[in-house]
Amino acid sequence: MNKKGFIFDLDGVIVDTAKYHFLAWKKLANSLGIDFTEVENEQLKGVSRVRSLEKILSWGHKTISEDKFMELMSAKNTDYLSYISKMDEDEILPDVPKILNLLKDKEQPISLGSASKNARTILERVNLKKHFDAIVDGNDVSKAKPDPEVFLIAAKLLNVKPEHCIVFEDSVAGVEAANAANMVSIGIGSEDVLGHAKYIFKDFTEISNEFINSLIEN
Ligand code: G6P
Ligand code: MG
């Protein structure tokens, strides 16, 4: 059987944590008197914690000390973790386990490729860690998406060439990273946002077994 490398982003692809990042960043931005809506949030998806705070501060034309920066990063993460600690398997996005099981049946290697430093904790909480042959997260990379580093490391760990990898992503930066890695990018979300992906699906319920089979065979 052909072997491809299947790489999944985490937040907004496997689990519905994008809403918790939004709530935590909004609280932080508003506490600094900075407006924060879904529009700003879209630009933070897939973006590392440090870079996200830098962007929020620049939108609000704020300059702060390094100590204050560290304090805000830590406050955001504490707030975010308070949501994560209540998560369970119900927050796995629809049909994700079905696709993971199908890939396992087809003996396809699977990796996580996430910018989050909380990725392992989240996978454990929702009991999905065992599905992954490799995990690459925010602790393993020095360059954030849209740099392809995270996906290239995943390909290496899976022992699959980048051009034989398929990436599932919900963020603009993530699709850019997959394209830059010369991988097949599959956008999970809306066409308006992810138009630069090779394929786009609203969610995994729209992805058929035939489509997965065609990815493996081609
Ligand atoms: C993902 C999310 C981003 C988040 C980043 C870092 O890419 O889409 O919204 O900022 O991970 O997450 P962390 O859990 O390390 O703060
Ligand atoms: Mg994401």
# chains A, B, ... in the order shown; residues from 1 in each chain; ligands from 1
$ select_by_dssp --residues "range 43-166 of chain A" --states "strand (DSSP E)" --output "mmCIF file with N, CA and C atoms, in the first residue's frame"
data_model
loop_
_atom_site.group_PDB
_atom_site.id
_atom_site.type_symbol
_atom_site.label_atom_id
_atom_site.label_comp_id
_atom_site.auth_asym_id
_atom_site.auth_seq_id
_atom_site.Cartn_x
_atom_site.Cartn_y
_atom_site.Cartn_z
ATOM 1 N N ILE A 110 0.640 9.210 10.808
ATOM 2 C CA ILE A 110 -0.101 10.415 11.220
ATOM 3 C C ILE A 110 0.739 11.237 12.194
ATOM 4 N N SER A 111 0.803 12.549 11.950
ATOM 5 C CA SER A 111 1.510 13.433 12.895
ATOM 6 C C SER A 111 0.654 14.632 13.252
ATOM 7 N N LEU A 112 0.935 15.184 14.426
ATOM 8 C CA LEU A 112 0.375 16.480 14.767
ATOM 9 C C LEU A 112 1.378 17.536 14.309
ATOM 10 N N GLY A 113 0.883 18.685 13.848
ATOM 11 C CA GLY A 113 1.758 19.806 13.486
ATOM 12 C C GLY A 113 1.113 21.089 13.984
ATOM 13 N N ALA A 134 3.623 10.683 15.474
ATOM 14 C CA ALA A 134 4.578 11.748 15.836
ATOM 15 C C ALA A 134 3.783 12.966 16.293
ATOM 16 N N ILE A 135 4.408 13.743 17.182
ATOM 17 C CA ILE A 135 3.780 14.997 17.624
ATOM 18 C C ILE A 135 4.832 16.101 17.503
ATOM 19 N N VAL A 136 4.508 17.116 16.726
ATOM 20 C CA VAL A 136 5.382 18.290 16.648
ATOM 21 C C VAL A 136 4.543 19.473 17.080
ATOM 22 N N CYS A 165 3.218 14.519 1.728
ATOM 23 C CA CYS A 165 2.456 14.807 2.946
ATOM 24 C C CYS A 165 1.202 15.623 2.647
ATOM 25 N N ILE A 166 0.205 15.406 3.470
ATOM 26 C CA ILE A 166 -1.073 16.104 3.363
ATOM 27 C C ILE A 166 -1.322 16.801 4.688
#
$ closest_atom_pairs --of "chain A" --to "ligand 1" --cutoff "6 Å" --atoms "only C-alpha atoms and all ligand atoms" --output "Markdown table"
| residue | atom | partner | partner_atom_place_in_ligand_line | distance |
| --- | --- | --- | --- | --- |
| A:Asp11 | CA | ligand 1 | 8 (O) | 5.1 |
| A:His21 | CA | ligand 1 | 9 (O) | 5.5 |
| A:Leu44 | CA | ligand 1 | 9 (O) | 5.4 |
| A:Lys45 | CA | ligand 1 | 8 (O) | 3.9 |
| A:Gly46 | CA | ligand 1 | 7 (O) | 3.1 |
| A:Val47 | CA | ligand 1 | 3 (C) | 5.0 |
| A:Ser48 | CA | ligand 1 | 6 (C) | 4.2 |
| A:Arg49 | CA | ligand 1 | 10 (O) | 4.4 |
| A:Ser114 | CA | ligand 1 | 7 (O) | 5.7 |
| A:Ala115 | CA | ligand 1 | 7 (O) | 4.2 |
| A:Ser116 | CA | ligand 1 | 12 (O) | 3.4 |
| A:Lys117 | CA | ligand 1 | 15 (O) | 3.6 |
| A:Asn118 | CA | ligand 1 | 14 (O) | 4.5 |
| A:Gly138 | CA | ligand 1 | 15 (O) | 6.0 |
$ residues_near_ligand --ligand "ligand 2" --cutoff "7 Å" --atoms "only C-alpha atoms and all ligand atoms" --output "JSON, numbers by chain"
{"A": [9, 10, 11, 12, 13, 45, 46, 169, 170, 171]}
$ closest_residue --among "A:His61, A:Lys3, A:Lys129, A:Lys19" --to "Ile34 in chain A" --atoms "only C-alpha atoms"
A:His61
$ closest_residue --among "A:Phe211, A:Phe151, A:Tyr83, A:Phe201" --to "Ile122 in chain A" --atoms "only C-alpha atoms"
A:Tyr83
